[in-house]
Amino acid sequence: MSFAHLHVHSEYSLLEAACRVKAIAKKAAAMNMPAVALTDNGNMFGAVEFYFACKDNNVKPLLGLDAYIAPGSRLEKKQDRDQVSSGPRRLVFLAQSTHGYQNLCKLSTIGYQEGFYWKPRIDYEVIKEYNSDLICLTGGLRGEVADAFMREGADAALAKIRQLKEIFDDRLYLEMCRTGVPEWDKINPFLLEASKITGVPVVASNDVHYMTQDDQIAQEVLICIGTNKTLSDESRFRLGSDEFYLKKPEQMIELFSDIPEAISNTLQIAERCDVKFKIKDDKGKPIYHLPTFPTDSGETLKDFIARKSKEGLLERFEEAAARGEAVPEEKKPDYYARLDYELGIIERMGFNGYFLIVQDFINWAKSNDIPVGPGRGSGAGSLVAYVLKITDLDPLPNFLLFERFLNPERISMPDFDIDFCQDRRQEVIRYVTEKYGQQSVSQIITYGKLQTRAALKDVGRVLGMLFAEVDAVTKLIPDKLGISLKESLEMEPRLTEMMEMNPTVATLIDLAQRVEGMVRNAGIHAAGVIIGDGQLVKHAPLYKGADGEQVVQYDMKHAEKIGLIKFDFLGLKTLTHINMALKLIKKNRDKVITSKMIPMTDAATFEMMSRGDTAGVFQFEGEGITDATRKIRPSSFADITAITSLYRPGPMANIPDFTDRKHGKAPVEYLLEDTREVLSETYGIMVYQEQVMGIASKIAGYSLGQADMLRRAMGKKIKEEMDQHRTLFMKGAKERGHNEQKSSELFDLMYKFADYGFNKSHAAAYSVVTLQTAWLKCHYPAEFFAALLSTELSDTEKIVKYSKDAAKRGLTVKPPHVNFSDYLFDVHGDEIYFGLGAIKGVGQNAVEAIIEAREGLPEKKFTSLDEFFNSIDLRRVNKKVIECLIKAGAFDGFGGHRAQLIAGYQKYLDRAQGLQKDKELGQASLFDLGPSTETKVSLEECKPWSRTASLSYEKEVLGFYLSDHPLKGFDTLSELWTSCKVADLPAQMPPPGSPEAEAMKAAKKGLEEP
C-alpha cells in the first residue's frame, strides 16, 4: 500500500509555509507516491506551476484549496482584528474534474472579490452553489469540525459534519492528523466515533507546511517575517511541533497502522480526482482562449484581416509620399508579396483574431488622441502589423524580419508590447474592458520574492540582530543581478570568514538560504492585461487588487501555459512629452504637426545629435552614449539604431571599430563576401540578432524560420543543439561553394556574438521615438523644453538640468507668474513660463482655482492684488499656497516687492474672505448701493529682502535658483581655483568597462567598506 498527501501548503501560502512547489512534486516522485495535492491557504496561486511540475515528474497533481470560512455571511465584515487573529475556520477542497476545478476557481475568486476581510473568506451559501465535483476534507486544527469540537463540544461538531454531508454526500471525508499536537489526541477519537455515527469516512493527513523536519525552523522564520515577530518572542504563532513535513508513505502508514482505511482512503480520493488542462486541440495545435473578434460585415476573420491589410497598405504608401519618402513603384510588388506571405502564416497559425484585437484597441486609442508608440519588441518586423497601424515603422527598408516575431516553424503566441501615453493608458484598458466585458478582462498577478539581500535583512530582524550587523553582511554580497547566497559565498571569501568567526552570522546565512527566493507577497503586473473568451473564472481563479482591480491569480508565465493571452499596455512618458510638444506647437505657432509627419532623414537633426546636444532626447541622455554619438556622428536612421544597440555592455567594445569604419579610418571587412548585403549597414560588424538570421540564410541556405531557431539555440548555448546546427551550417555553406575554414570562423563569430546581439526590430522602433524627440528639439526647442519640463514636474533635479540646457540654446525659462503660467510649463513665443504645479506647496487644485478665476476676467489676467484675491476661490487657495507663490515670484509686477507681499497679503486675504462670506450669505454692503467710498487696502512700506534672502526663498519653493544665482559674478575667481566644471567631469572619466574605470570602482568600494 502507498499513500498520497492530500493537505499540502507551499510557499504560495504567503509566509506561512516553506515548501517550494517543484520540490513537492520531485519529492513525491522520489517517494513513489501516485499523487500529491496542493492546498494553499485561501488561494490557488501555485496551481498551474504545481500541475506541470507533477506532470514532469509522473505524479498525478491534485488541485485544491484550503478555504477560509466566514463565521456567518461572507458579506458581513464586523469582527475586529482581535476576533479574527487566529483566522477563520477552514475546509479543504480538492477538484475531481475540470468542472470541479472551475468551481474551485469560482470559490477562490469569491473569497477575494466578495468575502475578503483580513483573509479571503467564503460561506455556506456559495459552497452549496459551487460544490459539485469537489471533494471536501474537514481540515486541520482550525477546520470546521475540529475547531467546533474543541470550542463547542461533540454535539456542535456532529451537527457541522451533518451539515457538510448534506452538501457533499459521499464526497466528504473527516481529516485526521497525528502531528504531535496535543489537541489531536482528543479530536481523533471523536472523529473515529463520528465516522461510525454519520457514515462519513476518515482520511489521514499531515497538514504539510515544510519539506523536511529540519525545515521547521525555516517555516517559523517565514511566520515571523509575516507577523513582524522575532524567534525569541514567546507570543509568536507556532504550529505546535516539528512533524508538519512531507513524510514518506511508509511513515504515514506506520503512523496510522491502527486505522488502515485512513491511508487507503487517500488513494481512493486520488483516484477520484483527475483534472486535466486541455492545452492542445486534436491536431496538436495550442489552444488559446481568445475572444472572437467581431467583424462588421459578417466576413470571416481571414477575409476581414486581408481586406483591412490591403487598405492599410495603400494608406501607408500615401503617408510615405506625404513625408517625401515615397515608395518607388518597382518596389511595391515586394510589399504585396510580403503581405500575402505574412497573412498566410498568421492564418495557418490561427492568429488572425489576435492581430485584429490588437489593431482595434490601438486604432481606438489613436482615434481618441491617445499617443501610441511606433512599436516595441520584435513585432515591428511584421508588415501586417505596420499596415494595420499596430506599428509605425516600415519593416522592408529597415530589413526587419517577420520570422523574428512569428516563426512558422515553431508555433508560439505572438506578443505585441504596446506603449501608450502614461497619463491615458488606463483609458485604453477601460475600452477593452467595456468591449469584451468585465468578466473577460483582467490584470495579471506578480509575486514579490525574498531575494538575497531582502532575505538577509528579514531573517536578521527575525533573529533580533542589530541593523549594523546585518548591513555588514549585505554589503559583502557581490553586485551582480540575481545573485544567490550560494554564489555569493563562492565569490566573496569574507562572507565565509564572517560565518566562521561569528555563529550568529552563520545562522543568519543558513536561514536566509532556506527562505531565499520564496514568495513574500502578491502584486499586480505593471502592464499585462489578459483578454479571454467568456468568463475568465472558468479558466483561472481571480484575485482582487488593493484598488479593486480584477487580477488573474496565475503569473504571466503560468497563465500563458493554460492558454490565457497577455496583452501589454505599457506607459511611456516620452510619448506624453511628444504629444504635449505637438499641442504646444499648435497653440503657440498655429501649426498642426503629427508624429507621423516627423521625418527620419532630417540632416539638421543628425547634425545636432552629432554635436552631443542630446539632453532630453529619448535613449540618448547619458554622458556615455552622448560621447559615443559625438564620435560616431550619425548621419542616418540606421546609425541611430546601431548606436542604441551598440551602447550596452559587451557590444560597447565595438564602438571604436564601428566609428573608424564609418569614417574611413579603418577598412570595412567581410569574412565572406556574401555577408556584405547583411552587414553593410553596420560596416561589416555584427550588431543585430536579425543579422545572424540573415547570414544563416544567405551563407547556409537556412529558411528564416530555421535561422530564428539557430538564433535561439545560440542564445541558450545548448551543446547538443549547437553541434547539430554547426553540421547543418557547414553543410549548407559547402553546398553553396563557400570556403570551409572561413565558414567555420563565421559560425564561431556568430556564436560569440549571440551573447550580446540585440533585437533590431525593437532598436529600430525605439529609434523612431529617439528621432521624433530629437527633431522637436532641433526645430521647436521652446515647445520641446516646455513639454519636457512638464513631464518632469516633480523631479527638481531634472527641472534644473533641462532649464540650464534650454538656457544654453538662448531660451529663457521665465519665473512663474499668476498671469501667464499654467499648471504645466507653457510657451509664449520663444519664452518658457515656469509651471505653477512645479512650485513646492502649490497643489493642482489651487492652480486650477487660479486659472479658472483668471479665465473668467475680461482681459484673462489679474490687473491688481485686489482683483486676484477677490476673484479666486479662497477655499481652494490657502495661506500656504499664497506664501509659496510670493516666494517663487509669481506676484512680481503687482506694485510691491516680495517682502511687502509676505508682510501685507493677509489684509487682502481677510477683506476678500469677508466679501466672499457676505456674498454667500446674500448680504449687500451699503456701499454697493452708491459710489464706493470703501478704504482701499495697500501694502505698507518695509525693507526689501536682500538678494541672498530672495534667492534663498526662491530655492526653497522651486528647488533651485531660477531668476539669478548667489555665485554670479564670481566666475573669474572660480576659474583661478578650479580645473574644470562639475558638468564636464563625466567627459573626463574613463569609459565604462575600461581598466581605469574598474580600478576606480574597486577603490570606491574599498572606501565604502567598514
# chains A, B, ... in the order shown; residues from 1 in each chain; ligands from 1
>>> select_by_dssp(residues="stretch 680-839 of chain A", states="strand (DSSP E)", output="short mmCIF file (atom, residue, chain, number, x, y, z; two decimals) with N, CA, C and O atoms, in the first residue's frame")
data_model
loop_
_atom_site.label_atom_id
_atom_site.label_comp_id
_atom_site.auth_asym_id
_atom_site.auth_seq_id
_atom_site.Cartn_x
_atom_site.Cartn_y
_atom_site.Cartn_z
N THR A 812 14.77 81.35 -22.57
CA THR A 812 14.62 81.81 -21.19
C THR A 812 13.47 81.07 -20.53
O THR A 812 12.37 81.01 -21.08
N VAL A 813 13.76 80.50 -19.37
CA VAL A 813 12.67 79.93 -18.56
C VAL A 813 12.28 81.02 -17.57
O VAL A 813 12.99 81.33 -16.62
N LYS A 814 11.13 81.65 -17.86
CA LYS A 814 10.68 82.77 -17.04
C LYS A 814 10.13 82.26 -15.71
O LYS A 814 9.55 81.19 -15.64
N ASP A 826 4.54 76.35 -19.86
CA ASP A 826 3.86 76.85 -21.06
C ASP A 826 4.83 77.66 -21.91
O ASP A 826 5.93 78.00 -21.45
N VAL A 827 4.40 77.99 -23.12
CA VAL A 827 5.25 78.74 -24.05
C VAL A 827 4.48 79.95 -24.56
O VAL A 827 3.31 79.85 -24.92
N HIS A 828 5.16 81.09 -24.59
CA HIS A 828 4.65 82.30 -25.24
C HIS A 828 5.75 82.79 -26.14
O HIS A 828 6.77 83.29 -25.66
N GLU A 831 9.54 82.18 -25.24
CA GLU A 831 9.75 82.21 -23.80
C GLU A 831 8.96 81.09 -23.13
O GLU A 831 7.79 80.85 -23.45
N ILE A 832 9.64 80.40 -22.21
CA ILE A 832 9.01 79.30 -21.47
C ILE A 832 8.63 79.82 -20.09
O ILE A 832 9.47 80.42 -19.40
N TYR A 833 7.39 79.61 -19.72
CA TYR A 833 6.94 80.03 -18.39
C TYR A 833 6.89 78.84 -17.44
O TYR A 833 6.33 77.80 -17.76
#
>>> residues_around(residues="A:Asp123", least_positions_apart="2", cutoff="12 Å", atoms="only C-alpha atoms", output="ChimeraX atom specification")
/A:67-76,88-91,107-108,110-111,114-116,120-121,125-131,144
>>> residues_around(residues="stretch 676-684 of chain A", least_positions_apart="5", cutoff="12 Å", atoms="only C-alpha atoms", output="PyMOL selection string")
chain A and resi 397-400+632+634-643+645-646+654-655+657-671+689-699+760
>>> residues_around(residues="A:Leu939", least_positions_apart="6", cutoff="12 Å", atoms="only C-alpha atoms", output="list in words")
Ser864, Leu865, Asp866, Phe894, Gly895, Gly896, His897, Arg898, Ala899, Gln900, Leu901, Ile902, Ala903, Gly904, Tyr905, Gln906, Lys907 and Tyr908 of chain A
>>> closest_residue(among="A:Cys105, A:Leu356, A:Ala30, A:Ile882", to="A:His539", atoms="only C-alpha atoms")
A:Cys105
>>> residues_around(residues="A:Asp613", least_positions_apart="5", cutoff="12 Å", atoms="only C-alpha atoms", output="list in words")
Ala604, Thr605, Phe606, Glu607, Met608, Phe620, Glu621, Gly622, Glu623, Ile625, Thr626, Asp627, Thr629, Arg630, Arg633, Thr773, Ala774, Trp775, Lys777, Cys778, Pro781, Tyr802, Asp805, Ala806, Lys808 and Arg809 of chain A
>>> write_last_selection(atoms="N, CA, C and O atoms", output="tab-separated table (two decimals), in the first residue's frame")
chain	number	residue	atom	x	y	z
A	604	ALA	N	19.56	68.29	-40.28
A	604	ALA	CA	19.81	69.19	-39.15
A	604	ALA	C	19.69	68.45	-37.82
A	604	ALA	O	20.44	68.73	-36.88
A	605	THR	N	18.78	67.49	-37.76
A	605	THR	CA	18.62	66.70	-36.53
A	605	THR	C	19.86	65.85	-36.28
A	605	THR	O	20.37	65.79	-35.15
A	606	PHE	N	20.37	65.21	-37.32
A	606	PHE	CA	21.58	64.39	-37.17
A	606	PHE	C	22.77	65.25	-36.78
A	606	PHE	O	23.60	64.86	-35.96
A	607	GLU	N	22.84	66.46	-37.35
A	607	GLU	CA	23.94	67.37	-37.02
A	607	GLU	C	23.89	67.78	-35.55
A	607	GLU	O	24.91	67.83	-34.86
A	608	MET	N	22.69	68.07	-35.05
A	608	MET	CA	22.52	68.44	-33.64
A	608	MET	C	22.98	67.30	-32.74
A	608	MET	O	23.71	67.52	-31.75
A	620	PHE	N	19.13	58.82	-25.41
A	620	PHE	CA	20.46	59.39	-25.66
A	620	PHE	C	20.88	60.40	-24.60
A	620	PHE	O	21.72	61.26	-24.84
A	621	GLU	N	20.32	60.28	-23.40
A	621	GLU	CA	20.56	61.28	-22.37
A	621	GLU	C	21.90	61.15	-21.65
A	621	GLU	O	22.50	62.13	-21.27
A	622	GLY	N	22.35	59.91	-21.42
A	622	GLY	CA	23.55	59.71	-20.61
A	622	GLY	C	24.80	60.28	-21.24
A	622	GLY	O	24.92	60.37	-22.47
A	623	GLU	N	25.76	60.62	-20.40
A	623	GLU	CA	27.01	61.19	-20.89
A	623	GLU	C	27.76	60.20	-21.78
A	623	GLU	O	28.37	60.58	-22.77
A	625	ILE	N	26.59	57.66	-23.74
A	625	ILE	CA	26.03	57.50	-25.09
A	625	ILE	C	26.14	58.82	-25.87
A	625	ILE	O	26.29	58.80	-27.10
A	626	THR	N	26.10	59.92	-25.15
A	626	THR	CA	26.30	61.22	-25.82
A	626	THR	C	27.70	61.31	-26.40
A	626	THR	O	27.90	61.75	-27.54
A	627	ASP	N	28.69	60.86	-25.63
A	627	ASP	CA	30.08	60.88	-26.11
A	627	ASP	C	30.24	59.96	-27.32
A	627	ASP	O	30.90	60.32	-28.30
A	629	THR	N	27.92	59.18	-29.43
A	629	THR	CA	27.22	59.82	-30.55
A	629	THR	C	28.09	60.90	-31.18
A	629	THR	O	28.13	61.05	-32.40
A	630	ARG	N	28.80	61.66	-30.33
A	630	ARG	CA	29.72	62.68	-30.86
A	630	ARG	C	30.77	62.04	-31.76
A	630	ARG	O	31.13	62.58	-32.81
A	633	ARG	N	29.03	60.36	-34.99
A	633	ARG	CA	28.41	61.37	-35.85
A	633	ARG	C	27.37	60.74	-36.78
A	633	ARG	O	27.60	60.59	-37.99
A	773	THR	N	11.86	62.94	-30.84
A	773	THR	CA	12.24	63.90	-29.79
A	773	THR	C	13.38	64.80	-30.26
A	773	THR	O	13.38	66.01	-30.00
A	774	ALA	N	14.35	64.21	-30.98
A	774	ALA	CA	15.49	65.00	-31.46
A	774	ALA	C	15.03	66.05	-32.47
A	774	ALA	O	15.49	67.20	-32.45
A	775	TRP	N	14.12	65.68	-33.37
A	775	TRP	CA	13.61	66.61	-34.38
A	775	TRP	C	12.87	67.77	-33.71
A	775	TRP	O	13.05	68.93	-34.09
A	777	LYS	N	13.38	68.90	-30.69
A	777	LYS	CA	14.37	69.74	-30.02
A	777	LYS	C	15.10	70.63	-31.02
A	777	LYS	O	15.38	71.79	-30.73
A	778	CYS	N	15.36	70.07	-32.18
A	778	CYS	CA	16.11	70.80	-33.21
A	778	CYS	C	15.29	71.95	-33.80
A	778	CYS	O	15.78	73.05	-33.98
A	781	PRO	N	12.50	74.11	-30.27
A	781	PRO	CA	13.11	73.91	-28.94
A	781	PRO	C	12.27	74.45	-27.78
A	781	PRO	O	12.24	73.84	-26.71
A	802	TYR	N	17.24	70.55	-17.27
A	802	TYR	CA	16.67	70.92	-18.57
A	802	TYR	C	16.51	72.44	-18.70
A	802	TYR	O	16.59	72.97	-19.81
A	805	ASP	N	19.83	73.53	-19.86
A	805	ASP	CA	20.05	73.16	-21.26
A	805	ASP	C	19.28	74.10	-22.18
A	805	ASP	O	19.77	74.47	-23.25
A	806	ALA	N	18.07	74.49	-21.76
A	806	ALA	CA	17.29	75.44	-22.56
A	806	ALA	C	18.02	76.78	-22.64
A	806	ALA	O	18.06	77.43	-23.70
A	808	LYS	N	21.18	77.30	-22.54
A	808	LYS	CA	22.32	77.19	-23.47
A	808	LYS	C	21.89	77.47	-24.91
A	808	LYS	O	22.69	77.91	-25.73
A	809	ARG	N	20.63	77.19	-25.21
A	809	ARG	CA	20.13	77.40	-26.57
A	809	ARG	C	19.51	78.79	-26.72
A	809	ARG	O	18.83	79.08	-27.71
>>> select_by_dssp(residues="stretch 17-108 of chain A", states="alpha helix (DSSP H)", output="count of residues only")
31
>>> atom_distance(atom1="atom CA of A:Gly460", atom2="atom CA of A:Thr496")
16.9 Å
>>> closest_atom_pairs(of="stretch 242-266 of chain A", to="stretch 186-197 of chain A", cutoff="12 Å", atoms="only C-alpha atoms", output="tab-separated table")
residue	atom	partner	partner_atom	distance
A:Phe256	CA	A:Asn188	CA	11.2
A:Asp258	CA	A:Leu192	CA	11.5
A:Ile259	CA	A:Leu192	CA	9.2
A:Glu261	CA	A:Leu192	CA	11.1
A:Ala262	CA	A:Leu192	CA	10.0
>>> write_last_selection(atoms="N, CA, C and O atoms", output="short mmCIF file (atom, residue, chain, number, x, y, z; two decimals), in the first residue's frame")
data_model
loop_
_atom_site.label_atom_id
_atom_site.label_comp_id
_atom_site.auth_asym_id
_atom_site.auth_seq_id
_atom_site.Cartn_x
_atom_site.Cartn_y
_atom_site.Cartn_z
N PHE A 256 -0.53 5.51 11.04
CA PHE A 256 -1.97 5.18 11.08
C PHE A 256 -2.18 3.67 10.91
O PHE A 256 -3.18 3.24 10.33
N ASP A 258 -3.12 1.57 12.93
CA ASP A 258 -4.34 1.10 13.60
C ASP A 258 -5.61 1.52 12.86
O ASP A 258 -6.71 1.09 13.18
N ILE A 259 -5.46 2.39 11.86
CA ILE A 259 -6.63 2.84 11.07
C ILE A 259 -6.26 2.75 9.59
O ILE A 259 -6.09 3.76 8.90
N GLU A 261 -7.84 2.18 6.96
CA GLU A 261 -8.75 2.81 5.98
C GLU A 261 -8.43 4.31 5.82
O GLU A 261 -8.70 4.90 4.76
N ALA A 262 -7.84 4.92 6.84
CA ALA A 262 -7.46 6.34 6.72
C ALA A 262 -6.37 6.52 5.67
O ALA A 262 -6.31 7.56 5.00
#
>>> closest_residue(among="A:Phe351, A:Phe405, A:Phe970, A:Tyr780", to="A:Lys591", atoms="only C-alpha atoms")
A:Tyr780
>>> closest_atom_pairs(of="stretch 590-664 of chain A", to="stretch 368-385 of chain A", cutoff="12 Å", atoms="only C-alpha atoms", output="CSV")
residue,atom,partner,partner_atom,distance
A:Thr594,CA,A:Pro371,CA,10.2
A:Ser595,CA,A:Pro371,CA,9.1
A:Lys596,CA,A:Pro374,CA,9.2
>>> write_last_selection(atoms="all heavy atoms", output="short mmCIF file (atom, residue, chain, number, x, y, z; two decimals), in the first residue's frame")
data_model
loop_
_atom_site.label_atom_id
_atom_site.label_comp_id
_atom_site.auth_asym_id
_atom_site.auth_seq_id
_atom_site.Cartn_x
_atom_site.Cartn_y
_atom_site.Cartn_z
N THR A 594 1.77 66.18 -36.75
CA THR A 594 1.54 64.90 -36.08
C THR A 594 2.86 64.13 -36.04
O THR A 594 3.78 64.42 -36.82
CB THR A 594 0.48 64.06 -36.81
OG1 THR A 594 0.99 63.69 -38.11
CG2 THR A 594 -0.82 64.83 -36.97
N SER A 595 2.94 63.16 -35.15
CA SER A 595 4.19 62.39 -35.03
C SER A 595 4.52 61.67 -36.32
O SER A 595 5.70 61.47 -36.65
CB SER A 595 4.08 61.40 -33.86
OG SER A 595 2.98 60.54 -34.04
N LYS A 596 3.48 61.28 -37.08
CA LYS A 596 3.74 60.57 -38.35
C LYS A 596 4.40 61.47 -39.39
O LYS A 596 5.04 60.98 -40.32
CB LYS A 596 2.42 60.03 -38.93
CG LYS A 596 1.87 58.82 -38.22
CD LYS A 596 0.71 58.21 -38.95
CE LYS A 596 -0.52 59.07 -38.91
NZ LYS A 596 -1.71 58.40 -39.46
#
>>> residues_around(residues="A:Glu848", least_positions_apart="3", cutoff="10 Å", atoms="only C-alpha atoms", output="short mmCIF file (atom, residue, chain, number, x, y, z; two decimals) with all heavy atoms, in the first residue's frame")
data_model
loop_
_atom_site.label_atom_id
_atom_site.label_comp_id
_atom_site.auth_asym_id
_atom_site.auth_seq_id
_atom_site.Cartn_x
_atom_site.Cartn_y
_atom_site.Cartn_z
N ASP A 822 0.56 78.29 -16.39
CA ASP A 822 -0.48 77.29 -16.16
C ASP A 822 0.05 76.29 -15.15
O ASP A 822 1.13 76.47 -14.58
CB ASP A 822 -0.83 76.58 -17.47
CG ASP A 822 -1.59 77.52 -18.42
OD1 ASP A 822 -2.31 78.40 -17.92
OD2 ASP A 822 -1.44 77.35 -19.64
N TYR A 823 -0.70 75.22 -14.94
CA TYR A 823 -0.22 74.19 -14.01
C TYR A 823 1.08 73.60 -14.54
O TYR A 823 2.05 73.42 -13.81
CB TYR A 823 -1.27 73.08 -13.85
CG TYR A 823 -0.84 71.99 -12.90
CD1 TYR A 823 -0.79 72.22 -11.53
CD2 TYR A 823 -0.45 70.73 -13.37
CE1 TYR A 823 -0.36 71.23 -10.65
CE2 TYR A 823 -0.04 69.74 -12.50
CZ TYR A 823 0.01 69.99 -11.14
OH TYR A 823 0.44 69.01 -10.28
N LEU A 836 3.16 76.49 -12.58
CA LEU A 836 2.78 76.70 -11.18
C LEU A 836 2.77 75.38 -10.42
O LEU A 836 3.00 75.34 -9.21
CB LEU A 836 1.41 77.36 -11.10
CG LEU A 836 1.29 78.79 -11.67
CD1 LEU A 836 -0.15 79.26 -11.61
CD2 LEU A 836 2.20 79.75 -10.91
N GLY A 837 2.51 74.29 -11.13
CA GLY A 837 2.47 72.98 -10.48
C GLY A 837 3.82 72.50 -10.00
O GLY A 837 3.91 71.55 -9.20
N GLY A 843 -0.59 72.92 -4.86
CA GLY A 843 -1.19 71.73 -5.46
C GLY A 843 -2.00 72.03 -6.70
O GLY A 843 -2.27 73.19 -7.04
N GLN A 844 -2.41 70.96 -7.38
CA GLN A 844 -3.15 71.11 -8.64
C GLN A 844 -4.50 71.79 -8.42
O GLN A 844 -4.93 72.62 -9.24
CB GLN A 844 -3.36 69.74 -9.29
CG GLN A 844 -3.96 69.84 -10.68
CD GLN A 844 -3.86 68.54 -11.46
OE1 GLN A 844 -3.27 67.57 -11.00
NE2 GLN A 844 -4.44 68.52 -12.64
N ASN A 845 -5.17 71.48 -7.32
CA ASN A 845 -6.48 72.08 -7.06
C ASN A 845 -6.37 73.60 -6.93
O ASN A 845 -7.21 74.35 -7.46
CB ASN A 845 -7.07 71.47 -5.78
CG ASN A 845 -8.51 71.86 -5.57
OD1 ASN A 845 -9.28 71.97 -6.53
ND2 ASN A 845 -8.89 72.07 -4.33
N ILE A 851 -6.41 79.53 -12.28
CA ILE A 851 -6.62 79.60 -13.73
C ILE A 851 -8.09 79.86 -14.05
O ILE A 851 -8.41 80.65 -14.95
CB ILE A 851 -6.09 78.33 -14.41
CG1 ILE A 851 -4.56 78.24 -14.27
CG2 ILE A 851 -6.49 78.30 -15.89
CD1 ILE A 851 -3.97 76.91 -14.69
N GLU A 852 -8.98 79.21 -13.32
CA GLU A 852 -10.42 79.43 -13.54
C GLU A 852 -10.79 80.89 -13.31
O GLU A 852 -11.54 81.49 -14.09
CB GLU A 852 -11.24 78.53 -12.60
CG GLU A 852 -11.26 77.07 -13.00
CD GLU A 852 -11.84 76.18 -11.90
OE1 GLU A 852 -12.51 76.71 -10.99
OE2 GLU A 852 -11.61 74.95 -11.95
N ALA A 853 -10.26 81.47 -12.22
CA ALA A 853 -10.54 82.87 -11.93
C ALA A 853 -9.96 83.78 -13.00
O ALA A 853 -10.61 84.74 -13.45
CB ALA A 853 -9.96 83.23 -10.56
N ARG A 854 -8.75 83.50 -13.44
CA ARG A 854 -8.08 84.31 -14.47
C ARG A 854 -8.84 84.28 -15.79
O ARG A 854 -9.04 85.30 -16.44
CB ARG A 854 -6.65 83.77 -14.66
CG ARG A 854 -5.77 84.62 -15.55
CD ARG A 854 -4.36 84.06 -15.56
NE ARG A 854 -4.25 82.84 -16.34
CZ ARG A 854 -3.25 81.96 -16.26
NH1 ARG A 854 -2.28 82.17 -15.37
NH2 ARG A 854 -3.22 80.89 -17.03
N ILE A 872 -10.46 84.78 -6.79
CA ILE A 872 -10.18 83.34 -6.61
C ILE A 872 -11.05 82.74 -5.51
O ILE A 872 -11.56 83.45 -4.64
CB ILE A 872 -8.69 83.08 -6.28
CG1 ILE A 872 -8.29 83.79 -4.98
CG2 ILE A 872 -7.81 83.50 -7.43
CD1 ILE A 872 -6.93 83.38 -4.46
N ASP A 873 -11.20 81.41 -5.58
CA ASP A 873 -11.92 80.66 -4.55
C ASP A 873 -10.95 80.40 -3.40
O ASP A 873 -10.05 79.55 -3.49
CB ASP A 873 -12.41 79.33 -5.14
CG ASP A 873 -13.23 78.51 -4.14
OD1 ASP A 873 -13.25 78.87 -2.94
OD2 ASP A 873 -13.83 77.51 -4.56
N ARG A 876 -9.96 77.02 -1.87
CA ARG A 876 -9.01 76.15 -2.58
C ARG A 876 -7.60 76.73 -2.59
O ARG A 876 -6.63 76.00 -2.84
CB ARG A 876 -9.50 75.93 -4.02
CG ARG A 876 -10.83 75.20 -4.08
CD ARG A 876 -11.54 75.42 -5.40
NE ARG A 876 -10.85 74.77 -6.51
CZ ARG A 876 -11.21 74.95 -7.79
NH1 ARG A 876 -12.20 75.77 -8.10
NH2 ARG A 876 -10.56 74.31 -8.74
N VAL A 877 -7.48 78.03 -2.35
CA VAL A 877 -6.16 78.68 -2.35
C VAL A 877 -5.93 79.23 -0.94
O VAL A 877 -6.47 80.27 -0.56
CB VAL A 877 -6.09 79.83 -3.38
CG1 VAL A 877 -4.70 80.44 -3.40
CG2 VAL A 877 -6.48 79.31 -4.76
#
>>> atom_distance(atom1="atom CA of A:Ala807", atom2="atom CA of A:Phe960")
14.6 Å
>>> closest_residue(among="A:Asp303, A:Glu183, A:Asp282, A:Glu403", to="A:Ser241", atoms="only C-alpha atoms")
A:Glu183
>>> atom_distance(atom1="atom CA of A:Thr614", atom2="atom CA of A:Lys631")
13.4 Å
>>> closest_residue(among="A:Ile161, A:Val842, A:Ala849, A:Ile345", to="A:Gly199", atoms="only C-alpha atoms")
A:Ile161
>>> closest_residue(among="A:Gly46, A:Pro408, A:Pro328, A:Gly464", to="A:Ile346", atoms="only C-alpha atoms")
A:Pro408
>>> closest_residue(among="A:Lys248, A:Arg425, A:Lys880, A:Lys538", to="A:Gln102", atoms="only C-alpha atoms")
A:Lys538
